[in-house]
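Peer 1: Got query-v2.txt for you, compact mmCIF, C-alpha atoms and all ligand atoms:
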# COMPACT_ATOMS: atom_id res chain seq x y z
CA MET M 1426 -19.83 -15.93 9.69
CA SER M 1427 -16.51 -14.36 9.08
CA ILE M 1428 -14.53 -11.30 8.07
CA LEU M 1429 -12.17 -11.27 5.10
CA LEU M 1430 -9.50 -8.58 5.36
CA THR M 1431 -7.40 -7.81 2.30
CA GLY M 1432 -4.04 -6.10 2.80
CA ALA M 1433 -3.88 -7.64 6.29
CA ALA M 1434 -0.06 -7.34 6.39
CA GLY M 1435 -0.08 -3.61 5.53
CA GLN M 1436 0.05 -0.79 8.08
CA LEU M 1437 -3.73 -0.34 8.30
CA GLY M 1438 -4.39 -4.07 7.88
CA ARG M 1439 -2.27 -4.90 10.93
CA GLU M 1440 -4.16 -2.35 13.03
CA LEU M 1441 -7.51 -3.64 11.78
CA THR M 1442 -6.51 -7.20 12.69
CA ARG M 1443 -5.53 -6.05 16.18
CA GLU M 1444 -8.76 -4.08 16.61
CA PHE M 1445 -11.06 -6.91 15.54
CA VAL M 1446 -9.20 -9.64 17.40
CA ARG M 1447 -9.47 -7.53 20.59
CA GLN M 1448 -13.21 -7.17 20.00
CA LYS M 1449 -13.50 -10.89 19.47
CA ALA M 1450 -11.91 -11.54 22.86
CA ALA M 1451 -14.45 -9.34 24.65
CA PRO M 1452 -17.68 -10.99 25.82
CA THR M 1453 -20.94 -9.63 24.38
CA GLY M 1454 -22.13 -6.88 26.65
CA GLY M 1455 -18.66 -6.70 28.23
CA ARG M 1456 -16.42 -3.68 28.19
CA ILE M 1457 -13.64 -2.80 25.79
CA GLY M 1458 -11.56 0.22 26.79
CA GLY M 1459 -14.38 1.44 29.04
CA ARG M 1460 -17.05 1.08 26.34
CA ILE M 1461 -19.90 -1.43 26.20
CA ALA M 1462 -19.22 -4.06 23.54
CA GLY M 1463 -22.80 -4.91 22.91
CA ASN M 1464 -23.43 -5.35 19.21
CA PRO M 1465 -24.63 -8.94 18.85
CA LEU M 1466 -24.42 -8.93 15.04
CA LEU M 1467 -20.82 -7.77 15.04
CA HIS M 1468 -20.13 -10.32 17.73
CA GLU M 1469 -21.68 -12.99 15.59
CA ALA M 1470 -19.51 -11.93 12.64
CA LEU M 1471 -16.47 -11.85 14.88
CA ARG M 1472 -17.12 -15.21 16.49
CA GLY M 1473 -16.32 -16.59 13.09
CA PRO M 1474 -12.81 -16.54 11.71
CA ILE M 1475 -10.89 -13.53 10.45
CA PHE M 1476 -9.20 -14.33 7.15
CA GLY M 1477 -6.20 -12.17 6.28
CA VAL M 1478 -5.28 -11.97 2.59
CA ASP M 1479 -2.06 -10.35 1.41
CA ARG M 1480 0.94 -11.18 -0.75
CA LYS M 1481 2.96 -11.33 2.48
CA PRO M 1482 1.97 -13.50 5.46
CA SER M 1483 -0.77 -11.76 7.46
CA PRO M 1484 -0.44 -11.25 11.24
CA ALA M 1485 -0.52 -14.46 13.26
CA ALA M 1486 -3.66 -13.19 15.03
CA CYS M 1487 -5.67 -13.91 11.86
CA ASP M 1488 -7.43 -17.27 11.96
CA GLU M 1489 -6.24 -18.05 8.44
CA ALA M 1490 -3.48 -16.17 6.64
CA ILE M 1491 -3.90 -16.53 2.90
CA VAL M 1492 -0.96 -15.56 0.73
CA GLN M 1493 -2.52 -14.45 -2.52
CA ASP M 1494 -1.76 -12.00 -5.32
CA LEU M 1495 -4.90 -9.86 -5.17
CA SER M 1496 -4.32 -8.57 -8.68
CA ASP M 1497 -5.34 -12.08 -9.82
CA LEU M 1498 -9.04 -11.27 -9.61
CA ASP M 1499 -10.28 -14.75 -10.59
CA ALA M 1500 -8.20 -16.48 -7.92
CA THR M 1501 -9.31 -13.85 -5.36
CA GLU M 1502 -12.96 -14.41 -6.25
CA GLN M 1503 -12.44 -18.15 -5.79
CA GLN M 1504 -11.16 -17.45 -2.26
CA LEU M 1505 -14.30 -15.41 -1.57
CA ALA M 1506 -16.49 -18.24 -2.83
CA ARG M 1507 -14.63 -20.73 -0.63
CA LEU M 1508 -14.63 -18.58 2.53
CA GLN M 1509 -18.07 -16.92 2.19
CA PRO M 1510 -17.29 -13.91 4.41
CA ARG M 1511 -20.14 -11.83 5.79
CA VAL M 1512 -17.94 -8.73 5.94
CA VAL M 1513 -15.17 -7.82 3.45
CA ILE M 1514 -12.68 -5.13 4.51
CA ASN M 1515 -10.49 -3.94 1.65
CA ALA M 1516 -7.29 -2.44 3.06
CA ALA M 1517 -5.15 -3.65 0.14
CA ALA M 1518 -4.01 -1.06 -2.34
CA TRP M 1519 -1.25 0.01 -4.67
CA THR M 1520 0.10 2.76 -2.37
CA ALA M 1521 3.41 3.60 -4.12
CA VAL M 1522 2.30 7.08 -5.21
CA ASP M 1523 5.23 7.99 -7.49
CA ALA M 1524 5.62 4.50 -8.98
CA ALA M 1525 1.93 4.58 -9.97
CA GLU M 1526 2.76 7.18 -12.65
CA ASP M 1527 4.70 4.56 -14.66
CA ASN M 1528 2.61 1.56 -13.59
CA GLN M 1529 -0.92 2.75 -14.17
CA THR M 1530 -2.31 -0.59 -15.33
CA ALA M 1531 -1.11 -2.35 -12.19
CA ALA M 1532 -2.24 0.54 -9.92
CA PHE M 1533 -5.73 0.57 -11.50
CA ARG M 1534 -5.95 -3.22 -11.22
CA LEU M 1535 -5.46 -3.08 -7.43
CA ASN M 1536 -7.13 0.25 -6.67
CA ALA M 1537 -10.12 0.13 -9.04
CA GLU M 1538 -10.69 -3.35 -10.53
CA LEU M 1539 -10.20 -5.24 -7.26
CA PRO M 1540 -12.76 -3.11 -5.34
CA GLY M 1541 -15.08 -3.45 -8.33
CA MET M 1542 -14.93 -7.23 -8.12
CA LEU M 1543 -15.29 -7.17 -4.30
CA ALA M 1544 -18.35 -4.89 -4.56
CA ARG M 1545 -19.98 -7.13 -7.16
CA TRP M 1546 -19.30 -10.26 -5.09
CA CYS M 1547 -20.59 -8.61 -1.89
CA GLY M 1548 -23.74 -7.45 -3.73
CA GLU M 1549 -24.42 -10.93 -5.08
CA ASN M 1550 -23.75 -12.62 -1.73
CA GLY M 1551 -25.28 -10.22 0.80
CA ALA M 1552 -21.94 -9.27 2.35
CA PHE M 1553 -20.96 -5.83 3.67
CA LEU M 1554 -17.96 -4.04 2.10
CA LEU M 1555 -15.74 -1.55 3.93
CA HIS M 1556 -13.33 0.12 1.50
CA TYR M 1557 -10.62 2.79 1.98
CA SER M 1558 -9.68 5.79 -0.08
CA THR M 1559 -7.45 8.81 0.14
CA ASP M 1560 -7.08 12.59 0.20
CA TYR M 1561 -5.23 12.21 -3.15
CA VAL M 1562 -8.62 12.15 -4.90
CA PHE M 1563 -8.50 15.95 -4.43
CA ASP M 1564 -6.16 18.30 -6.27
CA GLY M 1565 -5.39 20.25 -3.10
CA GLN M 1566 -6.45 23.66 -4.37
CA ALA M 1567 -9.05 24.20 -1.60
CA SER M 1568 -8.59 26.60 1.29
CA ARG M 1569 -11.08 24.95 3.69
CA PRO M 1570 -11.49 21.30 4.71
CA TYR M 1571 -12.88 19.03 1.97
CA THR M 1572 -16.32 17.59 2.69
CA GLU M 1573 -17.78 14.41 1.23
CA ALA M 1574 -19.88 16.61 -1.11
CA ASP M 1575 -16.82 18.21 -2.74
CA GLN M 1576 -16.11 17.06 -6.27
CA PRO M 1577 -12.88 15.01 -6.48
CA HIS M 1578 -10.30 16.07 -9.01
CA PRO M 1579 -7.21 13.89 -8.67
CA ALA M 1580 -3.91 15.23 -10.00
CA SER M 1581 -1.92 11.96 -9.99
CA ALA M 1582 -2.28 8.43 -11.38
CA TYR M 1583 -2.55 7.10 -7.81
CA GLY M 1584 -5.34 9.59 -7.07
CA ARG M 1585 -7.18 8.72 -10.29
CA SER M 1586 -6.93 4.99 -9.56
CA LYS M 1587 -8.27 5.48 -6.02
CA ARG M 1588 -11.09 7.70 -7.30
CA ALA M 1589 -12.04 5.00 -9.82
CA GLY M 1590 -12.15 2.50 -6.92
CA GLU M 1591 -14.39 4.78 -4.87
CA GLU M 1592 -16.77 5.26 -7.77
CA VAL M 1593 -17.20 1.58 -8.50
CA VAL M 1594 -17.99 0.82 -4.83
CA LEU M 1595 -20.29 3.84 -4.39
CA GLU M 1596 -22.23 2.90 -7.53
CA SER M 1597 -22.49 -0.79 -6.61
CA ARG M 1598 -25.55 -2.41 -5.08
CA CYS M 1599 -23.73 -3.98 -2.12
CA ARG M 1600 -24.07 -2.46 1.35
CA HIS M 1601 -20.88 -0.50 1.84
CA VAL M 1602 -18.96 2.32 3.45
CA VAL M 1603 -16.02 4.05 1.75
CA LEU M 1604 -13.70 5.68 4.29
CA ARG M 1605 -11.35 8.36 2.99
CA SER M 1606 -8.33 9.12 5.13
CA SER M 1607 -4.96 10.88 4.92
CA TRP M 1608 -1.29 10.85 5.95
CA LEU M 1609 -1.33 7.45 7.72
CA TYR M 1610 1.45 6.48 10.11
CA SER M 1611 1.96 3.57 12.49
CA ALA M 1612 4.68 1.55 14.19
CA HIS M 1613 4.87 -0.72 11.12
CA GLY M 1614 5.32 -0.48 7.39
CA GLN M 1615 6.46 2.48 5.35
CA ASN M 1616 5.39 5.87 6.60
CA PHE M 1617 6.64 9.36 7.41
CA LEU M 1618 7.08 8.67 11.14
CA LEU M 1619 9.41 5.69 10.59
CA THR M 1620 11.27 7.51 7.78
CA MET M 1621 11.93 10.51 10.05
CA LEU M 1622 13.19 8.30 12.91
CA LYS M 1623 15.48 6.42 10.52
CA LEU M 1624 16.87 9.63 9.02
CA ALA M 1625 17.39 11.13 12.48
CA ALA M 1626 19.65 8.20 13.34
CA GLU M 1627 21.74 8.86 10.22
CA ARG M 1628 21.86 12.67 9.87
CA SER M 1629 22.16 15.72 12.08
CA GLU M 1630 20.15 18.00 9.74
CA LEU M 1631 16.94 17.33 7.81
CA ARG M 1632 15.02 19.33 5.20
CA VAL M 1633 11.24 18.88 5.31
CA VAL M 1634 8.48 20.36 3.15
CA ASP M 1635 6.38 22.98 4.95
CA ASP M 1636 3.88 24.07 2.29
CA GLN M 1637 1.74 20.90 2.10
CA ILE M 1638 -1.02 20.86 4.69
CA GLY M 1639 -2.96 17.82 5.89
CA CYS M 1640 -3.93 15.72 8.90
CA PRO M 1641 -1.50 13.04 10.09
CA THR M 1642 -3.56 10.02 11.13
CA TRP M 1643 -2.51 7.09 13.33
CA ALA M 1644 -3.63 3.92 11.54
CA ARG M 1645 -4.86 2.60 14.91
CA ASN M 1646 -7.34 5.48 15.20
CA LEU M 1647 -8.61 4.74 11.69
CA ALA M 1648 -8.98 1.05 12.64
CA ARG M 1649 -10.97 2.05 15.73
CA ALA M 1650 -13.20 4.35 13.67
CA SER M 1651 -13.70 1.46 11.21
CA ARG M 1652 -14.91 -0.82 13.99
CA LEU M 1653 -17.39 1.77 15.25
CA VAL M 1654 -18.75 2.24 11.73
CA LEU M 1655 -19.08 -1.52 11.23
CA GLU M 1656 -20.78 -1.99 14.61
CA LYS M 1657 -23.44 0.56 13.74
CA GLN M 1658 -23.84 -0.62 10.18
CA LEU M 1659 -24.29 -4.26 11.18
CA GLY M 1660 -26.51 -3.41 14.15
CA ALA M 1661 -29.04 -1.21 12.39
CA PRO M 1662 -28.35 -0.87 8.68
CA MET M 1663 -27.71 2.75 7.76
CA THR M 1664 -27.28 4.45 4.43
CA SER M 1665 -24.31 3.24 2.41
CA GLY M 1666 -21.88 5.89 1.29
CA LEU M 1667 -18.70 7.84 1.68
CA MET M 1668 -17.17 9.33 4.83
CA HIS M 1669 -14.01 11.13 5.82
CA TYR M 1670 -11.87 10.09 8.77
CA CYS M 1671 -8.59 11.72 9.81
CA ASP M 1672 -7.12 12.62 13.19
CA GLY M 1673 -7.83 16.00 14.71
CA THR M 1674 -4.66 18.05 14.13
CA VAL M 1675 -3.90 20.03 10.97
CA SER M 1676 -0.19 20.22 10.15
CA SER M 1677 2.45 20.58 7.46
CA TRP M 1678 5.00 17.79 6.97
CA TYR M 1679 7.50 20.10 8.68
CA GLY M 1680 5.16 20.53 11.65
CA PHE M 1681 4.59 16.77 11.74
CA ALA M 1682 8.38 16.22 11.80
CA GLU M 1683 8.74 18.70 14.68
CA ALA M 1684 6.00 16.88 16.62
CA ILE M 1685 7.67 13.51 15.93
CA PHE M 1686 11.05 14.65 17.23
CA ALA M 1687 9.54 16.32 20.29
CA ALA M 1688 7.60 13.15 21.18
CA ALA M 1689 10.53 10.85 20.33
CA SER M 1690 12.89 12.90 22.51
CA ALA M 1691 10.42 12.76 25.38
CA ALA M 1692 10.15 8.97 24.90
CA LYS M 1693 13.97 8.70 24.88
CA LEU M 1694 13.88 7.16 21.41
CA LEU M 1695 16.43 9.61 19.95
CA ASP M 1696 20.13 9.87 20.69
CA GLN M 1697 20.18 13.32 19.14
CA ARG M 1698 17.44 15.57 17.82
CA PRO M 1699 18.23 16.63 14.24
CA GLN M 1700 18.13 20.25 13.18
CA LEU M 1701 15.09 20.78 10.95
CA HIS M 1702 15.01 23.10 7.93
CA SER M 1703 11.76 23.90 6.16
CA VAL M 1704 11.74 23.71 2.35
CA ALA M 1705 9.12 24.30 -0.34
CA SER M 1706 7.58 21.46 -2.38
CA SER M 1707 9.25 23.01 -5.43
CA ASP M 1708 12.64 22.21 -3.80
CA TYR M 1709 11.66 18.56 -3.54
CA PRO M 1710 10.24 17.47 -6.92
CA THR M 1711 8.39 14.13 -7.08
CA ALA M 1712 7.10 12.10 -10.03
CA ALA M 1713 3.48 12.51 -8.84
CA PRO M 1714 2.16 15.89 -7.69
CA ARG M 1715 0.99 16.05 -4.05
CA PRO M 1716 -2.17 17.88 -2.97
CA MET M 1717 -0.95 21.13 -1.35
CA TYR M 1718 -3.95 21.18 0.99
CA SER M 1719 -5.82 18.00 1.85
CA VAL M 1720 -7.53 18.52 5.19
CA LEU M 1721 -10.66 16.34 5.32
CA ASP M 1722 -13.82 17.52 7.09
CA THR M 1723 -14.84 14.78 9.54
CA ALA M 1724 -18.14 16.21 10.80
CA THR M 1725 -20.22 13.40 9.22
CA ILE M 1726 -18.43 10.47 10.86
CA ARG M 1727 -18.26 12.29 14.20
CA LYS M 1728 -21.98 13.09 14.23
CA ARG M 1729 -23.37 9.95 12.63
CA TYR M 1730 -21.12 7.37 14.29
CA GLY M 1731 -19.87 9.10 17.45
CA VAL M 1732 -16.27 8.68 16.26
CA LYS M 1733 -13.62 10.82 17.97
CA THR M 1734 -10.68 12.38 16.10
CA PRO M 1735 -7.78 12.45 18.60
CA PRO M 1736 -5.09 15.13 18.48
CA LEU M 1737 -1.66 14.38 17.01
CA GLU M 1738 0.42 14.64 20.16
CA ALA M 1739 -1.49 12.02 22.18
CA SER M 1740 -1.57 9.58 19.25
CA LEU M 1741 2.13 10.03 18.47
CA THR M 1742 3.03 9.44 22.12
CA ALA M 1743 1.01 6.20 22.19
CA CYS M 1744 2.45 5.02 18.87
CA LEU M 1745 6.02 5.75 19.99
CA ALA M 1746 5.43 3.92 23.28
CA GLU M 1747 4.56 0.88 21.21
CA LEU M 1748 7.71 1.31 19.12
CA ASN M 1749 9.71 1.53 22.33
CA LYS M 1750 8.15 -1.72 23.62
CA GLY M 1751 9.03 -3.49 20.38
CA LYS M 1752 12.70 -2.39 20.52
P1 LIG T 1801 0.03 -0.50 2.76
O1 LIG T 1801 0.76 -0.36 1.46
O2 LIG T 1801 0.79 -0.43 4.03
O3 LIG T 1801 -0.83 -1.84 2.79
C1 LIG T 1801 -1.42 -2.40 1.64
C2 LIG T 1801 -1.17 -3.89 1.70
O4 LIG T 1801 -1.69 -4.47 0.48
C3 LIG T 1801 0.33 -4.22 1.75
O5 LIG T 1801 0.58 -5.27 2.65
C4 LIG T 1801 0.61 -4.62 0.31
O6 LIG T 1801 1.72 -5.45 0.13
C5 LIG T 1801 -0.69 -5.33 -0.04
N1 LIG T 1801 -0.77 -5.51 -1.47
C6 LIG T 1801 -0.48 -4.60 -2.44
N2 LIG T 1801 -0.61 -5.17 -3.65
C7 LIG T 1801 -0.98 -6.46 -3.44
C8 LIG T 1801 -1.26 -7.56 -4.30
N3 LIG T 1801 -1.18 -7.46 -5.63
N4 LIG T 1801 -1.60 -8.73 -3.75
C9 LIG T 1801 -1.67 -8.88 -2.39
N5 LIG T 1801 -1.42 -7.88 -1.53
C10 LIG T 1801 -1.07 -6.68 -2.05
O7 LIG T 1801 -1.10 0.64 2.72
P2 LIG T 1801 -1.82 1.35 3.95
O8 LIG T 1801 -2.13 0.35 4.99
O9 LIG T 1801 -1.05 2.56 4.27
O10 LIG T 1801 -3.16 1.82 3.22
C11 LIG T 1801 -4.42 1.18 3.45
C12 LIG T 1801 -5.51 1.92 2.68
O11 LIG T 1801 -5.56 3.27 3.13
C13 LIG T 1801 -5.31 2.00 1.17
O12 LIG T 1801 -6.56 1.94 0.54
C14 LIG T 1801 -4.72 3.39 0.95
O13 LIG T 1801 -5.00 3.88 -0.33
C15 LIG T 1801 -5.46 4.16 2.02
N6 LIG T 1801 -4.77 5.35 2.48
C16 LIG T 1801 -3.44 5.31 2.83
C17 LIG T 1801 -2.80 6.45 3.25
C18 LIG T 1801 -1.37 6.44 3.64
O14 LIG T 1801 -0.83 7.52 3.99
N7 LIG T 1801 -0.68 5.31 3.61
C19 LIG T 1801 -3.52 7.73 3.35
C20 LIG T 1801 -4.92 7.65 2.98
C21 LIG T 1801 -5.52 6.51 2.57
P3 LIG T 1801 3.15 -4.76 -0.24
O15 LIG T 1801 3.59 -4.03 1.00
O16 LIG T 1801 4.00 -5.93 -0.57
O17 LIG T 1801 2.89 -3.84 -1.39
What is this structure when it is put down as structure tokens?
Peer 2:
Amino acid sequence: MSILLTGAAGQLGRELTREFVRQKAAPTGGRIGGRIAGNPLLHEALRGPIFGVDRKPSPAACDEAIVQDLSDLDATEQQLARLQPRVVINAAAWTAVDAAEDNQTAAFRLNAELPGMLARWCGENGAFLLHYSTDYVFDGQASRPYTEADQPHPASAYGRSKRAGEEVVLESRCRHVVLRSSWLYSAHGQNFLLTMLKLAAERSELRVVDDQIGCPTWARNLARASRLVLEKQLGAPMTSGLMHYCDGTVSSWYGFAEAIFAAASAAKLLDQRPQLHSVASSDYPTAAPRPMYSVLDTATIRKRYGVKTPPLEASLTACLAELNKGK
């Protein structure tokens, strides 16, 4: 038995690889981070190889790193037929939000047609599918956290492509969970945290939008939540469906930048702390509109799966410590 992880070289994919390889190293019934690692079915799945598929080489921790253009659906399906995974985790996506406006065919291929093919294959072959989606499926007009029951209404091509991907998985007959998240950051890849640290090294003043509200989420926390969901799903099959996961602190981008520079100063990662100026979204036009408010209600995943949603400060500190180690 095995796990096939698409997008293994991306920011979430790298954290998922780390999370599952750690689990694999723990003996059944042993302890991981103070918690009993006792799910024999997940252990069985994890005793088999973890295949990472991406257009870039996947982390070395994967048992087999397959370099594959996932927009070639036939070739990807042939890989599935060859590898016969028991669990498919789809962390690959077209994530270039603005570029999606002018590249809708390619964005829909990755974000809607690929999950459609994965869901069909998983349904036909008895595999479980874990798929990811985004707060961009909402238009951001709400004034209270979005629940899973709220009707999506994407305002961008990226959001529409991700919504189409959700729908095809949710309507499929494979066992699945769709996890929606928001504002991901990590020590790798392209994200707001790394952009802020880079800009701080180049400039003494920065202008950051303060009228978009969401929940910054460390990709590692989403990977941990994913493992907990999979453990429960494989142990005692539960209802398939959609769930929200984001970390526990609501912020604007400006507030997130302030938290980053406070934590980076404390970690001695900054030579100088830049002066921050708040600006409105209208001062910073983008090709694709952003949801002004995209806080996700996480009550379902917390209650049903016992998942915790850590606060921003603790997660940022841990993420920056890792960046410091890698320096
Ligand atoms: P990344 O862009 O970091 O990772 C996606 C990976 O998929 C990248 O390695 C990317 O390669 C790869 N990929 C893209 N196209 C192809 C292709 N045609 N063939 C093979 N590989 C390909 O995204 P994240 O890890 O940030 O996102 C993971 C999931 O979480 C996605 O479903 C995303 O929609 C969702 N999400 C992300 C949020 C965020 O803030 N980033 C917020 C909420 C949800 P390359 O880098 O070369 O493009």
Peer 1: Padding 4 Å on every side, please: axis-aligned box over the listed atoms of ligand LIG 1801 (chain T), centre and edge lengths to one decimal in Å, as lines of an AutoDock Vina configuration file.
Peer 2:
center_x = -1.3
center_y = -0.6
center_z = -0.3
size_x = 18.6
size_y = 24.6
size_z = 18.6
Peer 1: Which chains and residue numbers are within 9 Å of ligand LIG 1801 (chain T), counting only C-alpha atoms and all ligand atoms, if I want them as number ranges by chain?
Peer 2: M: 1431-1440, 1478-1483, 1492-1497, 1515-1521, 1531-1532, 1534-1536, 1556-1561, 1583-1584, 1587, 1604-1611, 1613-1617, 1641-1642, 1644, 1671
Peer 1: Dump C-alpha atoms for the selected residues as a JSON list (two decimals), in the coordinates of the input?
Peer 2:
[["chain", "number", "residue", "atom", "x", "y", "z"],
["M", 1431, "THR", "CA", -7.40, -7.81, 2.30],
["M", 1432, "GLY", "CA", -4.04, -6.10, 2.80],
["M", 1433, "ALA", "CA", -3.88, -7.64, 6.29],
["M", 1434, "ALA", "CA", -0.06, -7.34, 6.39],
["M", 1435, "GLY", "CA", -0.08, -3.61, 5.53],
["M", 1436, "GLN", "CA", 0.05, -0.79, 8.08],
["M", 1437, "LEU", "CA", -3.73, -0.34, 8.30],
["M", 1438, "GLY", "CA", -4.39, -4.07, 7.88],
["M", 1439, "ARG", "CA", -2.27, -4.90, 10.93],
["M", 1440, "GLU", "CA", -4.16, -2.35, 13.03],
["M", 1478, "VAL", "CA", -5.28, -11.97, 2.59],
["M", 1479, "ASP", "CA", -2.06, -10.35, 1.41],
["M", 1480, "ARG", "CA", 0.94, -11.18, -0.75],
["M", 1481, "LYS", "CA", 2.96, -11.33, 2.48],
["M", 1482, "PRO", "CA", 1.97, -13.50, 5.46],
["M", 1483, "SER", "CA", -0.77, -11.76, 7.46],
["M", 1492, "VAL", "CA", -0.96, -15.56, 0.73],
["M", 1493, "GLN", "CA", -2.52, -14.45, -2.52],
["M", 1494, "ASP", "CA", -1.76, -12.00, -5.32],
["M", 1495, "LEU", "CA", -4.90, -9.86, -5.17],
["M", 1496, "SER", "CA", -4.32, -8.57, -8.68],
["M", 1497, "ASP", "CA", -5.34, -12.08, -9.82],
["M", 1515, "ASN", "CA", -10.49, -3.94, 1.65],
["M", 1516, "ALA", "CA", -7.29, -2.44, 3.06],
["M", 1517, "ALA", "CA", -5.15, -3.65, 0.14],
["M", 1518, "ALA", "CA", -4.01, -1.06, -2.34],
["M", 1519, "TRP", "CA", -1.25, 0.01, -4.67],
["M", 1520, "THR", "CA", 0.10, 2.76, -2.37],
["M", 1521, "ALA", "CA", 3.41, 3.60, -4.12],
["M", 1531, "ALA", "CA", -1.11, -2.35, -12.19],
["M", 1532, "ALA", "CA", -2.24, 0.54, -9.92],
["M", 1534, "ARG", "CA", -5.95, -3.22, -11.22],
["M", 1535, "LEU", "CA", -5.46, -3.08, -7.43],
["M", 1536, "ASN", "CA", -7.13, 0.25, -6.67],
["M", 1556, "HIS", "CA", -13.33, 0.12, 1.50],
["M", 1557, "TYR", "CA", -10.62, 2.79, 1.98],
["M", 1558, "SER", "CA", -9.68, 5.79, -0.08],
["M", 1559, "THR", "CA", -7.45, 8.81, 0.14],
["M", 1560, "ASP", "CA", -7.08, 12.59, 0.20],
["M", 1561, "TYR", "CA", -5.23, 12.21, -3.15],
["M", 1583, "TYR", "CA", -2.55, 7.10, -7.81],
["M", 1584, "GLY", "CA", -5.34, 9.59, -7.07],
["M", 1587, "LYS", "CA", -8.27, 5.48, -6.02],
["M", 1604, "LEU", "CA", -13.70, 5.68, 4.29],
["M", 1605, "ARG", "CA", -11.35, 8.36, 2.99],
["M", 1606, "SER", "CA", -8.33, 9.12, 5.13],
["M", 1607, "SER", "CA", -4.96, 10.88, 4.92],
["M", 1608, "TRP", "CA", -1.29, 10.85, 5.95],
["M", 1609, "LEU", "CA", -1.33, 7.45, 7.72],
["M", 1610, "TYR", "CA", 1.45, 6.48, 10.11],
["M", 1611, "SER", "CA", 1.96, 3.57, 12.49],
["M", 1613, "HIS", "CA", 4.87, -0.72, 11.12],
["M", 1614, "GLY", "CA", 5.32, -0.48, 7.39],
["M", 1615, "GLN", "CA", 6.46, 2.48, 5.35],
["M", 1616, "ASN", "CA", 5.39, 5.87, 6.60],
["M", 1617, "PHE", "CA", 6.64, 9.36, 7.41],
["M", 1641, "PRO", "CA", -1.50, 13.04, 10.09],
["M", 1642, "THR", "CA", -3.56, 10.02, 11.13],
["M", 1644, "ALA", "CA", -3.63, 3.92, 11.54],
["M", 1671, "CYS", "CA", -8.59, 11.72, 9.81]]
Peer 1: Rank M:Gln1658, M:Thr1734, M:Ser1651, M:Ser1581 by their smallest atom-to-atom distance to Pro1714 of chain M, using all atoms listed in the file, and report the top residue only.
Peer 2: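 Of all the options, M:Ser1581 lies closest to Pro1714 of chain M.
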Peer 1: What is the atom CA of Val1732 of chain M-atom CA of Gly1551 of chain M distance in Å, reported with one decimal?
Peer 2: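 Rounded to one decimal, the two atoms are 26.0 Å apart.
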Peer 1: In Å to one decimal, how far is atom CA of Ala1705 of chain M from atom CA of Asp1636 of chain M?
Peer 2: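 So the two atoms, atom CA of Asp1636 of chain M and atom CA of Ala1705 of chain M, lie 5.9 Å apart.
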Peer 1: Calculated over all atoms listed in the file, which of the candidates M:Ser1586, M:Pro1699, M:Ala1650, M:Glu1747 has the smallest distance to Asn1528 of chain M?
Peer 2: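 Nearest to Asn1528 of chain M: M:Ser1586.
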Peer 1: Tell me, as number ranges by chain, which residues lie within 12 Å of Arg1628 of chain M, counting all atoms listed in the file; anything in the same chain fewer than 6 positions away does not count.
Peer 2: M: 1620-1622, 1695-1701
Peer 1: Could you state the separation of atom CA of Gly1660 of chain M and atom CA of Arg1598 of chain M in Å, given to one decimal place?
Peer 2: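 Straight-line distance from atom CA of Gly1660 of chain M to atom CA of Arg1598 of chain M works out to 19.3 Å.
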Peer 1: Nearest to Val1562 of chain M among M:Thr1723, M:Asn1550, M:Gln1576, M:Thr1664, with distances taken over all atoms listed in the file: which residue is it?
Peer 2: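 Result for the nearest residue to Val1562 of chain M: M:Gln1576.
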Peer 1: Taking all atoms listed in the file into account, name the residue in M:Leu1694, M:Val1593, M:Val1720, M:Ile1475 that is nearest to Ala1537 of chain M.
Peer 2: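 Looking only at the distances to Ala1537 of chain M, the closest residue turns out to be M:Val1593.
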Peer 1: Nearest to Leu1618 of chain M: which of M:Asp1635, M:Glu1683, M:Asp1708, M:Glu1592 is it, counting only C-alpha atoms?
Peer 2: M:Glu1683
Peer 1: Which residues are near Ser1719 of chain M? Cut-off 10 Å, only C-alpha atoms, ignore same chain within fewer than 2 positions. Put them as a PyMOL selection string.
Peer 2: chain M and resi 1559-1571+1606-1608+1637-1640+1675+1715-1717+1721-1722
Peer 1: Given the choices M:Leu1667, M:Ala1506, M:Leu1655, M:Ile1428, which gets closest to Arg1588 of chain M if the distance is worked out from all atoms listed in the file?
Peer 2: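 Ranking M:Leu1667, M:Ala1506, M:Leu1655, M:Ile1428 by distance to Arg1588 of chain M, first place goes to M:Leu1667.
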Peer 1: Applying 10 Å and all atoms listed in the file, which residues near Leu1748 of chain M remain after dropping the ones on its own chain fewer than 3 positions away? List them as a list of chain:residue names.
Peer 2: M:Ser1611, M:Ala1612, M:His1613, M:Leu1619, M:Ala1692, M:Leu1694, M:Thr1742, M:Ala1743, M:Cys1744, M:Leu1745, M:Gly1751, M:Lys1752
Peer 1: List the neighbours of Ile1726 of chain M out to 8 Å using only C-alpha atoms; skip same-chain residues closer than 3 positions along the sequence, and give me the result as a PyMOL selection string.
Peer 2: chain M and resi 1668-1670+1723+1729-1732
